[in-house]
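Taking it in order: structure first as structure tokens, then the write-up.
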Amino acid sequence: MTATATRVDESAPPKPNPGRAPRVISFSQRLSRWDLKVSPYLYISPFFIMFLVVGIFPIAFTAVISFMDWDLVRNSGEFVGFDQYVWILGQPQFWTALRNTFSIFLLSSVPQLIAAVFIAAMLDRNIRSKTFWRMGVLVPFVMAPVAVALIFSNMFGDNHGLVNSVLTDLGLPAIQWHKDAFWSHVAISTMVNFRWTGYNTLILLAAMQAVPRDYYEAATVDGAGAFRQFRSITLPSLKPTLIFVIITSTIGGLQIFDEPRMFDQFGRGGAAQQWLTITLYLYDIGWGQWNFGRAAALAWILFLIILIIGLINLLVTRRLVRDEGRR
Amino acid sequence: MSRRTKAIAAIAGAASIAIIATGCSPSSDSGEEGGKVELSLATFNDFGYTDELLQEYMDENPNVTIVHNRAATSNDARANYFQKLGKEGLADIEAVEVDWFTEAMQYSDLLAEVPADAKGRWLDWKEAAATDGDGRLVGFGTDIGPQGVCYRSDLFAAAGLPTDRAEVAALLEGDWDNFFNVADQYKAATGKPFIDSANSVLQGLVNQLETAYEEPDGTIVATENPDIEDAYNTVVERAVPISAYAGQWSDDWFASMANGEFAAMLCPGWMHGVISGNAPEVTGWDVADVFPGGGGNWGGSYLTVPANGKNVDEALKLADWLTAPEQQVKAFVNAGTFPSQSDAYEDEGLTAFTNEYFNNAPTGEIGVKRAEAVTVATYKGAQFFQFHDALQNAVTRVFDGVEDQTTSWNTWVTEVSAF
């Protein structure tokens with residue numbers, strides 16, 4: 001409303017209007033013009049001010065500390081250049097942690113997203129008591145990750161765990177969840193998948209609901225089956241959402257912490273670093289060894305890794321999910 | 001996957017800071033002489049400082065109000081301690097666990113000194129560990145963990161071993177070799193492991209050494225120390241085959257206490273509560289007044305007073321009172337924390353104490369004898385925790401069959417060289 005009114009006012013002066021006295025812009029008018037220009041920025045500024053204080057400042061400070069030998073208690077440090085980065089990259093534990101992080105990330109994100117897309121597709125169909133099922137998939141997400149980890153680590157106990165009891169009852173060999181690196185990753189990924197599949201499902205479901213139903217009707221008329229419809233209509237329309245979901249789960253997957261930390265009693269990634277992840281390693285350097293310079297350097301290395309993987313992700317997803325649906 | 005948790009943690013953190021801030025503010029305006037003083041006391045787990053005990057002090061000193069904050073674990077307390085030490089926000093009295101006490105000792109100049117009249121009250125080695133290079137005593141010793149041997153008399157009987165606690169003590173009396181021989185005998189008879197974990201043996205062995213990984217002057221001797229290499233080899237060759245688990249505190253380990261997977265445990269006083277809590281139905285547990293290779297101490301805590309607190313003098317008085325022998329005996333009865341003051345060992349409340357769960361074993365008296373048997377205070381440098389943890393991992397790798405004895409030792413050497 002205001003917008004149109006002002007625009008009329010602005011366009012008015014050039015027109016000769018002899019019947020009217022020279023126009024004086026009143027203070028309230030001027031105020032409403034400022035209001036128009038400035039207000040939106042004011043309205044969104046709280047977020048950016050907050051972000052500046054609690055986001056940018058810590059990030060920048062971390063960068064500063066990463067070049068220093070930092071003493072947390074005395075709050076002072078000595079500039080050492082890239083030493084901390086060199087130290088981190090020279091640690092065998094870092095490379096093991098990197099391997100574990102990627103292994104757990106792939107074991108969780110890939111099956112999780114595939115499952116989420118299919119569950120969403122099922123929920124998108126006409127089923128009875130829709131809301132019940134839709135809310136049902138979100139129940140695991142409501143549980144605290146630590147609670148999930150506690151329950152699952154009970155299940156994945158080496159000697160008295162539920163899963164191994166079942167396996168041995170069936171005459172199969174027990175799996176050494178806390179000794180074999182691969183199986184520890186499987187166990188941790190299971191916790192992650194349990195918690196996050198429902199969350200991703202709901203996001204994808206929301207996107208599917210936004211796909212115009214006409215497409216499906218037209219496809220049905222043309223004789224396309226359910227799978228063909230899914231492949232040619234649903235998937236392409238999901239593209240932006242898929243990119244979002246993949247990027248967020250990449251960031252989450254590379255920062256995985258709660259589940260491996262709760263996987264055994266020490267929370268340090270196993271005796272032979274079987275399930276040490278980057279964030280776990282970072283936490284141990286920071287809060288275990290109180291070496292914040294090194295921890296900050298590792299945080300920045302992790303940040304760069306996430307950035308690179310995120311970009312690769314974006315490119316690959318763009319290419320894979322072809323956008324046939326676009327104009 | 002933990003973005004949400006982080007947000008919650010941040011909010012919780014902010015909230016707790018706010019709580020601490022508000023908790024501290026009254027004391028700041030009431031610090032003057034003769035006025036009301038509010039003292040905050042921060043502990044973790046269970047120190048045995050019940051409300052009744054603290055009320056006693058408040059009755060004696062009407063101008064003092066005590067606010068007791070209890071963290072769930074010593075890890076939480078540790079994180080909080082080092083984040084705020086030298087800044088603001090620590091309680092007037094902060095409890096420090098012996099595992100990270102050496103780290104705290106690096107900042108001994110930031111802690112208030114224990115009053116001179118309290119000195120000499122504790123066991124020598126307990127006090128020595130809290131004295132810094134300048135001779136300042138900065139920690140009030142609370143409890144210690146003199147180790148005995150807890151055993152299952154029913155399983156001992158089944159393996160043809162004696163069951164009476166005096167006979168068991170006689171059987172296990174001597175060096176570690178004798179202990180392992182009995183263990184081998186038990187294993188041969190039953191086919192089951194004798195003790196709970198290989199790393200508890202490592203703990204026992206290392207706690208009997210004069211120096212572990214660092215010399216008192218700061219030189220790192222971890223990989224060159226022949227005693228450490230001996231301890232490692234002993235554990236791998238003799239303890240691993242007779243242990244049920246590599247380390248303690250896993251879900252499996254907790255579950256195992258009730259189901260008779262093993263027959264004995266190396267047992268500091270505070271472990272009694274762990275056993276009775278996790279195996280309430282089992283009736284066979286008992287305690288023997290013996291420890292392989294002499295005595296050994298495992299665990300224990302200190303109270304410290306940050307020097308920049310608002311009410312340092314009042315805080316020192318309270319810490320002094322809390323760690324006085326009489327109060328420590330009360331804390332022992334409350335929570336089983338074994339006193340670190342020799343005067344307390346003559347107290348009836350301690351010496352006459354029997355533990356019903358452990359077949360009425362006189363755990364108070366046994367504790368006193370075990371405490372007196374401790375002759376060595378291992379020097380634990382600032383990085384003790386890191387070195388020891390890595391060595392425990394080395395034992396675990398062998399136990400798990402991930403690496404053999406030599407490879408695992410070499411891995412440890414590589415890891416240690418990076419510290």
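A note on labels: chains of the structure tokens are A, B, ... as shown, every chain counts residues from 1, and ligands are counted from 1 in their shown order.
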Should the cut-off be 9 Å, what would the residue list for chain A against chain B look like, counting only C-alpha atoms, as a CSV table (one decimal) with all heavy atoms, in the first residue's frame?
chain,number,residue,atom,x,y,z
A,72,LEU,N,44.8,-21.7,27.6
A,72,LEU,CA,43.5,-21.3,27.9
A,72,LEU,C,43.3,-20.6,29.3
A,72,LEU,O,42.7,-19.6,29.4
A,72,LEU,CB,42.5,-22.5,27.8
A,72,LEU,CG,41.1,-22.2,28.2
A,72,LEU,CD1,40.4,-21.6,27.0
A,72,LEU,CD2,40.4,-23.4,28.7
A,73,VAL,N,44.0,-21.2,30.3
A,73,VAL,CA,43.8,-20.7,31.6
A,73,VAL,C,44.4,-19.3,31.8
A,73,VAL,O,43.7,-18.4,32.3
A,73,VAL,CB,44.5,-21.7,32.6
A,73,VAL,CG1,44.4,-21.1,34.0
A,73,VAL,CG2,43.8,-23.0,32.6
A,74,ARG,N,45.6,-19.1,31.2
A,74,ARG,CA,46.2,-17.8,31.4
A,74,ARG,C,45.7,-16.8,30.2
A,74,ARG,O,46.1,-15.7,30.2
A,74,ARG,CB,47.7,-17.9,31.4
A,74,ARG,CG,48.2,-18.7,32.6
A,74,ARG,CD,49.7,-18.6,32.7
A,74,ARG,NE,50.2,-19.7,33.5
A,74,ARG,CZ,50.1,-19.8,34.9
A,74,ARG,NH1,49.6,-18.8,35.5
A,74,ARG,NH2,50.6,-20.8,35.5
A,75,ASN,N,45.0,-17.4,29.3
A,75,ASN,CA,44.4,-16.6,28.2
A,75,ASN,C,45.5,-15.8,27.4
A,75,ASN,O,45.3,-14.6,27.1
A,75,ASN,CB,43.4,-15.6,28.8
A,75,ASN,CG,42.1,-15.8,28.1
A,75,ASN,OD1,42.0,-16.4,27.0
A,75,ASN,ND2,41.0,-15.3,28.7
A,87,TRP,N,51.6,-29.8,12.4
A,87,TRP,CA,51.6,-30.9,13.4
A,87,TRP,C,50.4,-31.8,13.2
A,87,TRP,O,50.5,-33.0,13.2
A,87,TRP,CB,51.5,-30.2,14.8
A,87,TRP,CG,51.5,-31.2,15.9
A,87,TRP,CD1,52.7,-31.7,16.5
A,87,TRP,CD2,50.5,-31.9,16.6
A,87,TRP,NE1,52.3,-32.7,17.5
A,87,TRP,CE2,51.0,-32.8,17.5
A,87,TRP,CE3,49.1,-31.9,16.4
A,87,TRP,CZ2,50.2,-33.6,18.3
A,87,TRP,CZ3,48.3,-32.7,17.2
A,87,TRP,CH2,48.8,-33.5,18.2
A,91,GLN,N,50.1,-36.0,12.0
A,91,GLN,CA,49.6,-37.0,12.9
A,91,GLN,C,48.9,-38.2,12.2
A,91,GLN,O,48.0,-38.0,11.5
A,91,GLN,CB,48.6,-36.4,13.9
A,91,GLN,CG,49.2,-35.4,14.9
A,91,GLN,CD,50.3,-36.0,15.7
A,91,GLN,OE1,50.1,-37.0,16.4
A,91,GLN,NE2,51.5,-35.5,15.6
A,92,PRO,N,49.4,-39.4,12.5
A,92,PRO,CA,48.7,-40.6,11.9
A,92,PRO,C,47.2,-40.6,12.4
A,92,PRO,O,46.3,-41.0,11.6
A,92,PRO,CB,49.4,-41.8,12.4
A,92,PRO,CG,50.5,-41.3,13.3
A,92,PRO,CD,50.5,-39.8,13.3
A,93,GLN,N,47.0,-40.2,13.6
A,93,GLN,CA,45.6,-40.2,14.1
A,93,GLN,C,44.7,-39.3,13.2
A,93,GLN,O,43.5,-39.7,13.1
A,93,GLN,CB,45.5,-39.7,15.5
A,93,GLN,CG,45.7,-40.7,16.6
A,93,GLN,CD,46.9,-40.4,17.4
A,93,GLN,OE1,48.0,-40.0,16.8
A,93,GLN,NE2,46.9,-40.6,18.7
A,144,ALA,N,16.8,-37.6,22.3
A,144,ALA,CA,18.1,-37.0,22.4
A,144,ALA,C,19.1,-38.0,21.8
A,144,ALA,O,19.1,-39.2,22.1
A,144,ALA,CB,18.4,-36.7,23.9
A,145,PRO,N,20.1,-37.4,21.1
A,145,PRO,CA,21.1,-38.3,20.5
A,145,PRO,C,21.9,-39.1,21.5
A,145,PRO,O,22.2,-40.3,21.3
A,145,PRO,CB,22.1,-37.3,19.8
A,145,PRO,CG,21.7,-36.0,20.2
A,145,PRO,CD,20.3,-36.0,20.7
A,153,SER,N,24.3,-48.5,22.1
A,153,SER,CA,25.6,-49.1,22.5
A,153,SER,C,25.3,-50.3,23.4
A,153,SER,O,26.1,-51.2,23.5
A,153,SER,CB,26.5,-48.1,23.2
A,153,SER,OG,25.8,-47.3,24.1
A,154,ASN,N,24.1,-50.3,24.1
A,154,ASN,CA,23.7,-51.5,24.7
A,154,ASN,C,23.4,-52.7,23.8
A,154,ASN,O,23.8,-53.8,24.0
A,154,ASN,CB,22.4,-51.3,25.5
A,154,ASN,CG,22.7,-51.2,27.0
A,154,ASN,OD1,23.4,-52.1,27.5
A,154,ASN,ND2,22.2,-50.2,27.7
A,157,GLY,N,26.7,-54.2,22.3
A,157,GLY,CA,27.8,-54.7,23.2
A,157,GLY,C,28.4,-56.0,22.6
A,157,GLY,O,27.8,-56.8,21.9
A,158,ASP,N,29.7,-56.1,22.9
A,158,ASP,CA,30.5,-57.2,22.3
A,158,ASP,C,30.0,-58.6,22.9
A,158,ASP,O,29.9,-59.6,22.3
A,158,ASP,CB,32.0,-57.0,22.5
A,158,ASP,CG,32.5,-55.9,21.7
A,158,ASP,OD1,32.0,-55.8,20.5
A,158,ASP,OD2,33.5,-55.2,22.1
A,159,ASN,N,29.9,-58.5,24.3
A,159,ASN,CA,29.5,-59.8,24.9
A,159,ASN,C,28.1,-59.9,25.3
A,159,ASN,O,27.5,-61.0,25.2
A,159,ASN,CB,30.4,-59.9,26.2
A,159,ASN,CG,31.9,-60.1,25.9
A,159,ASN,OD1,32.3,-59.9,24.7
A,159,ASN,ND2,32.7,-60.3,26.9
A,160,HIS,N,27.5,-58.8,25.8
A,160,HIS,CA,26.2,-59.0,26.4
A,160,HIS,C,25.2,-58.1,25.5
A,160,HIS,O,24.1,-57.8,26.0
A,160,HIS,CB,26.1,-58.5,27.8
A,160,HIS,CG,27.0,-59.2,28.7
A,160,HIS,ND1,26.8,-60.5,29.0
A,160,HIS,CD2,28.2,-58.9,29.3
A,160,HIS,CE1,27.8,-61.0,29.8
A,160,HIS,NE2,28.7,-60.0,30.0
A,161,GLY,N,25.6,-57.8,24.3
A,161,GLY,CA,24.7,-56.9,23.5
A,161,GLY,C,23.6,-57.7,22.9
A,161,GLY,O,23.7,-58.9,22.6
A,178,HIS,N,33.3,-53.4,18.9
A,178,HIS,CA,34.3,-52.4,19.4
A,178,HIS,C,35.7,-52.7,19.1
A,178,HIS,O,36.6,-52.2,19.6
A,178,HIS,CB,34.1,-52.3,21.0
A,178,HIS,CG,32.9,-51.7,21.4
A,178,HIS,ND1,31.7,-52.3,21.4
A,178,HIS,CD2,32.6,-50.4,21.7
A,178,HIS,CE1,30.7,-51.5,21.8
A,178,HIS,NE2,31.2,-50.3,22.0
A,179,LYS,N,35.9,-53.7,18.2
A,179,LYS,CA,37.3,-54.1,17.9
A,179,LYS,C,37.6,-53.9,16.4
A,179,LYS,O,38.6,-53.4,16.0
A,179,LYS,CB,37.6,-55.5,18.3
A,179,LYS,CG,37.7,-55.7,19.8
A,179,LYS,CD,37.7,-57.1,20.2
A,179,LYS,CE,37.4,-57.1,21.7
A,179,LYS,NZ,37.1,-58.5,22.2
A,180,ASP,N,36.6,-54.3,15.6
A,180,ASP,CA,36.7,-54.2,14.1
A,180,ASP,C,36.3,-52.8,13.7
A,180,ASP,O,35.2,-52.4,14.0
A,180,ASP,CB,35.9,-55.3,13.5
A,180,ASP,CG,36.2,-55.4,12.0
A,180,ASP,OD1,35.7,-54.6,11.2
A,180,ASP,OD2,37.0,-56.3,11.7
A,192,VAL,N,23.0,-43.1,13.6
A,192,VAL,CA,22.8,-41.9,12.8
A,192,VAL,C,21.5,-42.0,11.9
A,192,VAL,O,20.7,-41.2,11.9
A,192,VAL,CB,24.0,-41.5,12.0
A,192,VAL,CG1,23.8,-40.3,11.2
A,192,VAL,CG2,25.2,-41.4,12.9
A,196,TRP,N,18.1,-39.7,11.9
A,196,TRP,CA,18.0,-38.7,10.9
A,196,TRP,C,17.2,-39.1,9.7
A,196,TRP,O,16.8,-38.2,8.9
A,196,TRP,CB,19.4,-38.2,10.5
A,196,TRP,CG,20.0,-37.4,11.6
A,196,TRP,CD1,20.7,-37.8,12.6
A,196,TRP,CD2,19.9,-35.9,11.7
A,196,TRP,NE1,21.0,-36.8,13.4
A,196,TRP,CE2,20.5,-35.6,12.9
A,196,TRP,CE3,19.3,-34.9,11.0
A,196,TRP,CZ2,20.6,-34.3,13.3
A,196,TRP,CZ3,19.4,-33.6,11.4
A,196,TRP,CH2,20.0,-33.3,12.6
A,248,THR,N,23.2,-30.5,3.9
A,248,THR,CA,23.1,-30.5,5.3
A,248,THR,C,23.6,-31.8,5.9
A,248,THR,O,24.2,-31.8,6.9
A,248,THR,CB,21.6,-30.2,5.8
A,248,THR,OG1,20.8,-31.1,5.2
A,248,THR,CG2,21.2,-28.8,5.6
A,249,SER,N,23.2,-32.9,5.3
A,249,SER,CA,23.7,-34.2,5.9
A,249,SER,C,25.1,-34.4,5.6
A,249,SER,O,25.8,-35.1,6.4
A,249,SER,CB,22.8,-35.3,5.3
A,249,SER,OG,23.2,-35.6,4.0
A,250,THR,N,25.7,-33.7,4.6
A,250,THR,CA,27.2,-33.8,4.5
A,250,THR,C,27.9,-33.0,5.7
A,250,THR,O,28.8,-33.6,6.3
A,250,THR,CB,27.6,-33.1,3.2
A,250,THR,OG1,27.0,-33.7,2.1
A,250,THR,CG2,29.1,-33.2,3.0
A,251,ILE,N,27.4,-31.8,5.9
A,251,ILE,CA,27.9,-31.1,7.0
A,251,ILE,C,27.8,-31.8,8.3
A,251,ILE,O,28.7,-32.0,9.1
A,251,ILE,CB,27.3,-29.7,7.1
A,251,ILE,CG1,27.6,-28.9,5.9
A,251,ILE,CG2,27.8,-28.9,8.4
A,251,ILE,CD1,26.8,-27.6,5.8
A,252,GLY,N,26.6,-32.3,8.5
A,252,GLY,CA,26.3,-33.1,9.8
A,252,GLY,C,27.2,-34.3,9.8
A,252,GLY,O,27.7,-34.7,10.9
A,253,GLY,N,27.3,-35.1,8.7
A,253,GLY,CA,28.0,-36.3,8.7
A,253,GLY,C,29.5,-36.1,8.9
A,253,GLY,O,30.1,-36.9,9.6
A,254,LEU,N,30.0,-35.0,8.4
A,254,LEU,CA,31.5,-34.8,8.6
A,254,LEU,C,31.7,-34.2,10.0
A,254,LEU,O,32.9,-34.3,10.5
A,254,LEU,CB,32.0,-33.8,7.6
A,254,LEU,CG,32.0,-34.3,6.2
A,254,LEU,CD1,32.5,-33.3,5.2
A,254,LEU,CD2,32.9,-35.6,6.0
A,255,GLN,N,30.7,-33.8,10.7
A,255,GLN,CA,30.9,-33.2,12.0
A,255,GLN,C,30.4,-34.3,13.1
A,255,GLN,O,30.2,-33.9,14.2
A,255,GLN,CB,30.1,-31.9,12.2
A,255,GLN,CG,30.7,-30.8,11.4
A,255,GLN,CD,29.9,-29.5,11.7
A,255,GLN,OE1,28.8,-29.5,12.2
A,255,GLN,NE2,30.5,-28.4,11.3
A,256,ILE,N,30.2,-35.5,12.7
A,256,ILE,CA,29.6,-36.5,13.6
A,256,ILE,C,30.4,-36.6,14.9
A,256,ILE,O,31.6,-36.7,14.9
A,256,ILE,CB,29.5,-37.8,12.9
A,256,ILE,CG1,28.8,-38.8,13.8
A,256,ILE,CG2,30.8,-38.4,12.4
A,256,ILE,CD1,28.2,-40.0,13.1
A,257,PHE,N,29.7,-36.5,16.0
A,257,PHE,CA,30.4,-36.5,17.3
A,257,PHE,C,29.7,-37.3,18.4
A,257,PHE,O,30.3,-38.2,19.0
A,257,PHE,CB,30.5,-35.0,17.7
A,257,PHE,CG,31.1,-34.8,19.1
A,257,PHE,CD1,32.5,-35.0,19.2
A,257,PHE,CD2,30.4,-34.5,20.2
A,257,PHE,CE1,33.1,-34.9,20.4
A,257,PHE,CE2,31.0,-34.4,21.4
A,257,PHE,CZ,32.4,-34.6,21.5
A,258,ASP,N,28.4,-37.0,18.6
A,258,ASP,CA,27.7,-37.6,19.8
A,258,ASP,C,27.8,-39.1,19.7
A,258,ASP,O,28.1,-39.8,20.7
A,258,ASP,CB,26.2,-37.2,19.8
A,258,ASP,CG,26.0,-35.7,19.9
A,258,ASP,OD1,26.9,-35.1,20.6
A,258,ASP,OD2,25.1,-35.2,19.4
A,259,GLU,N,27.4,-39.7,18.6
A,259,GLU,CA,27.3,-41.1,18.5
A,259,GLU,C,28.7,-41.8,18.7
A,259,GLU,O,28.7,-42.7,19.5
A,259,GLU,CB,26.7,-41.6,17.1
A,259,GLU,CG,25.2,-41.2,17.0
A,259,GLU,CD,24.9,-39.8,16.6
A,259,GLU,OE1,25.9,-39.0,16.4
A,259,GLU,OE2,23.8,-39.4,16.4
A,264,ASP,N,31.7,-45.9,23.3
A,264,ASP,CA,32.3,-46.7,24.4
A,264,ASP,C,32.4,-45.8,25.7
A,264,ASP,O,32.0,-44.6,25.6
A,264,ASP,CB,33.6,-47.3,24.0
A,264,ASP,CG,34.7,-46.3,24.0
A,264,ASP,OD1,34.4,-45.1,23.9
A,264,ASP,OD2,35.9,-46.7,24.0
A,265,GLN,N,32.9,-46.4,26.7
A,265,GLN,CA,32.9,-45.6,28.0
A,265,GLN,C,33.9,-44.5,28.0
A,265,GLN,O,33.8,-43.6,28.8
A,265,GLN,CB,33.2,-46.6,29.1
A,265,GLN,CG,34.6,-47.2,29.2
A,265,GLN,CD,34.8,-48.4,28.3
A,265,GLN,OE1,34.2,-48.6,27.3
A,265,GLN,NE2,35.6,-49.3,28.8
A,266,PHE,N,34.9,-44.5,27.2
A,266,PHE,CA,35.9,-43.4,27.2
A,266,PHE,C,35.6,-42.3,26.2
A,266,PHE,O,36.1,-41.2,26.5
A,266,PHE,CB,37.3,-44.0,26.9
A,266,PHE,CG,37.7,-45.2,27.7
A,266,PHE,CD1,37.9,-46.4,27.2
A,266,PHE,CD2,37.9,-45.0,29.1
A,266,PHE,CE1,38.2,-47.5,28.0
A,266,PHE,CE2,38.3,-46.1,29.9
A,266,PHE,CZ,38.4,-47.3,29.3
A,270,GLY,N,38.3,-45.5,20.5
A,270,GLY,CA,38.8,-46.8,20.5
A,270,GLY,C,40.3,-46.9,20.7
A,270,GLY,O,41.0,-46.0,20.4
A,271,ALA,N,40.8,-48.1,21.1
A,271,ALA,CA,42.2,-48.2,21.4
A,271,ALA,C,43.1,-48.1,20.2
A,271,ALA,O,44.2,-47.6,20.3
A,271,ALA,CB,42.4,-49.6,22.1
A,272,ALA,N,42.6,-48.5,19.1
A,272,ALA,CA,43.4,-48.4,17.8
A,272,ALA,C,42.7,-47.4,16.9
A,272,ALA,O,42.9,-47.4,15.7
A,272,ALA,CB,43.5,-49.8,17.1
A,287,TRP,N,39.7,-30.4,24.6
A,287,TRP,CA,39.3,-30.5,26.0
A,287,TRP,C,40.0,-31.7,26.8
A,287,TRP,O,39.8,-31.8,28.0
A,287,TRP,CB,37.8,-30.8,26.0
A,287,TRP,CG,37.1,-29.6,25.4
A,287,TRP,CD1,36.5,-29.6,24.2
A,287,TRP,CD2,36.9,-28.3,25.9
A,287,TRP,NE1,36.0,-28.4,23.9
A,287,TRP,CE2,36.2,-27.6,25.0
A,287,TRP,CE3,37.3,-27.7,27.1
A,287,TRP,CZ2,35.9,-26.2,25.2
A,287,TRP,CZ3,36.9,-26.4,27.3
A,287,TRP,CH2,36.3,-25.7,26.3
A,288,GLY,N,40.7,-32.5,26.1
A,288,GLY,CA,41.4,-33.6,26.7
A,288,GLY,C,42.9,-33.1,27.0
A,288,GLY,O,43.4,-33.3,28.1
A,289,GLN,N,43.5,-32.6,26.0
A,289,GLN,CA,44.9,-32.2,26.1
A,289,GLN,C,45.0,-30.7,26.4
A,289,GLN,O,46.1,-30.1,26.5
A,289,GLN,CB,45.7,-32.6,24.9
A,289,GLN,CG,45.5,-34.0,24.6
A,289,GLN,CD,46.1,-34.4,23.2
A,289,GLN,OE1,46.9,-33.6,22.6
A,289,GLN,NE2,45.8,-35.5,22.7
A,290,TRP,N,43.9,-30.0,26.4
A,290,TRP,CA,43.9,-28.5,26.6
A,290,TRP,C,44.8,-27.8,25.6
A,290,TRP,O,45.5,-26.8,26.0
A,290,TRP,CB,44.3,-28.2,28.0
A,290,TRP,CG,43.3,-28.8,29.0
A,290,TRP,CD1,43.6,-29.8,29.8
A,290,TRP,CD2,42.0,-28.4,29.2
A,290,TRP,NE1,42.4,-30.1,30.5
A,290,TRP,CE2,41.5,-29.3,30.1
A,290,TRP,CE3,41.2,-27.4,28.6
A,290,TRP,CZ2,40.1,-29.2,30.6
A,290,TRP,CZ3,39.9,-27.3,29.1
A,290,TRP,CH2,39.4,-28.2,30.0
- Message: Please return, as an MDAnalysis selection string, all residues of stretch 241-363 of chain B that DSSP assigns to helix (DSSP H, G or I) on the basis of the backbone.
- Response: chainID B and resid 241:242 251:256 269:278 312:322 325:335 342:346 348:351 363
Determine, counting only C-alpha atoms, which protein, DNA and RNA residues have an atom within 12 Å of an atom of B:Ala222; residues of the same chain fewer than 5 positions away are not included. Present the result as a PDB file with C-alpha atoms, in the first residue's frame.
ATOM      1  CA  VAL B 206      52.213 -48.147  37.499  1.00  0.00           C
ATOM      2  CA  THR B 211      58.482 -42.438  38.352  1.00  0.00           C
ATOM      3  CA  ALA B 212      56.132 -43.291  35.567  1.00  0.00           C
ATOM      4  CA  TYR B 213      56.358 -41.257  32.374  1.00  0.00           C
ATOM      5  CA  GLU B 214      57.915 -38.003  33.501  1.00  0.00           C
ATOM      6  CA  GLU B 215      60.711 -37.119  35.906  1.00  0.00           C
ATOM      7  CA  ASP B 227      59.906 -50.043  34.623  1.00  0.00           C
ATOM      8  CA  ILE B 228      57.162 -48.972  32.263  1.00  0.00           C
ATOM      9  CA  GLU B 229      58.278 -51.428  29.615  1.00  0.00           C
ATOM     10  CA  ALA B 231      54.906 -53.250  33.458  1.00  0.00           C
ATOM     11  CA  TYR B 232      53.607 -53.340  29.896  1.00  0.00           C
ATOM     12  CA  LYS B 380      52.555 -38.092  37.990  1.00  0.00           C
ATOM     13  CA  GLY B 381      53.536 -35.261  35.707  1.00  0.00           C
ATOM     14  CA  GLN B 383      50.917 -35.270  30.935  1.00  0.00           C
ATOM     15  CA  PHE B 384      50.457 -38.433  33.011  1.00  0.00           C
ATOM     16  CA  GLN B 386      47.796 -38.703  28.200  1.00  0.00           C
ATOM     17  CA  PHE B 387      50.698 -41.138  28.474  1.00  0.00           C
ATOM     18  CA  HIS B 388      48.803 -43.567  30.631  1.00  0.00           C
ATOM     19  CA  ALA B 390      47.839 -44.237  25.378  1.00  0.00           C
ATOM     20  CA  LEU B 391      49.549 -47.136  27.154  1.00  0.00           C
ATOM     21  CA  TRP B 409      54.378 -51.125  21.983  1.00  0.00           C
ATOM     22  CA  TRP B 412      52.589 -46.435  21.600  1.00  0.00           C
ATOM     23  CA  VAL B 413      56.147 -45.138  21.196  1.00  0.00           C
ATOM     24  CA  THR B 414      55.149 -43.372  17.969  1.00  0.00           C
ATOM     25  CA  GLU B 415      52.071 -41.861  19.582  1.00  0.00           C
ATOM     26  CA  VAL B 416      53.976 -40.680  22.601  1.00  0.00           C
ATOM     27  CA  SER B 417      56.670 -39.020  20.538  1.00  0.00           C
ATOM     28  CA  PHE B 419      52.900 -35.282  22.469  1.00  0.00           C
TER      29      PHE B 419
END
- Message: With only C-alpha atoms as the counted atoms, please give the residues lying no more than 8 Å from stretch 321-335 of chain B, apart from itself and same-chain residues fewer than 3 positions off, as a list of chain:residue names.
- Response: B:Asp46, B:Phe47, B:Gly48, B:Tyr49, B:Thr50, B:Leu53, B:Phe140, B:Gly141, B:Thr142, B:Asp143, B:Lys317, B:Leu318, B:Phe338, B:Pro339, B:Gln341, B:Ser342, B:Asp343, B:Ala344, B:Asp347, B:Gly349, B:Leu350
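When the distance limit is 12 Å and only C-alpha atoms are what count, the residues near A:Gln112, minus those fewer than 6 positions from it on the same chain, are Ile104, Phe105, Leu106, Phe118, Ile119, Ala120, Ser189, Thr190, Met191, Val192, Asn193, Phe194, Arg195, Trp196, Thr197, Gly198, Tyr199, Asn200, Thr201, Val245, Ile246, Ser249, Thr250 and Gly253 of chain A.
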Residues from the last selection, C-alpha atoms, saved as a compact mmCIF listing (two decimals), in the first residue's frame:
# COMPACT_ATOMS: atom_id res chain seq x y z
CA ILE A 104 30.84 -43.29 8.73
CA PHE A 105 29.60 -40.40 6.59
CA LEU A 106 29.13 -42.62 3.55
CA PHE A 118 11.56 -43.91 -0.77
CA ILE A 119 9.77 -43.52 2.56
CA ALA A 120 8.75 -40.02 1.50
CA SER A 189 25.96 -45.29 11.23
CA THR A 190 22.95 -47.26 12.41
CA MET A 191 22.43 -44.79 15.25
CA VAL A 192 22.76 -41.87 12.84
CA ASN A 193 20.37 -43.40 10.35
CA PHE A 194 17.86 -44.22 13.04
CA ARG A 195 17.75 -40.63 14.13
CA TRP A 196 17.99 -38.69 10.91
CA THR A 197 16.13 -40.70 8.27
CA GLY A 198 12.76 -39.47 9.51
CA TYR A 199 13.87 -35.86 9.55
CA ASN A 200 15.06 -36.01 5.95
CA THR A 201 11.94 -37.92 4.98
CA VAL A 245 19.27 -32.25 2.20
CA ILE A 246 22.52 -33.63 0.82
CA SER A 249 23.65 -34.16 5.85
CA THR A 250 27.18 -33.77 4.50
CA GLY A 253 28.01 -36.30 8.66
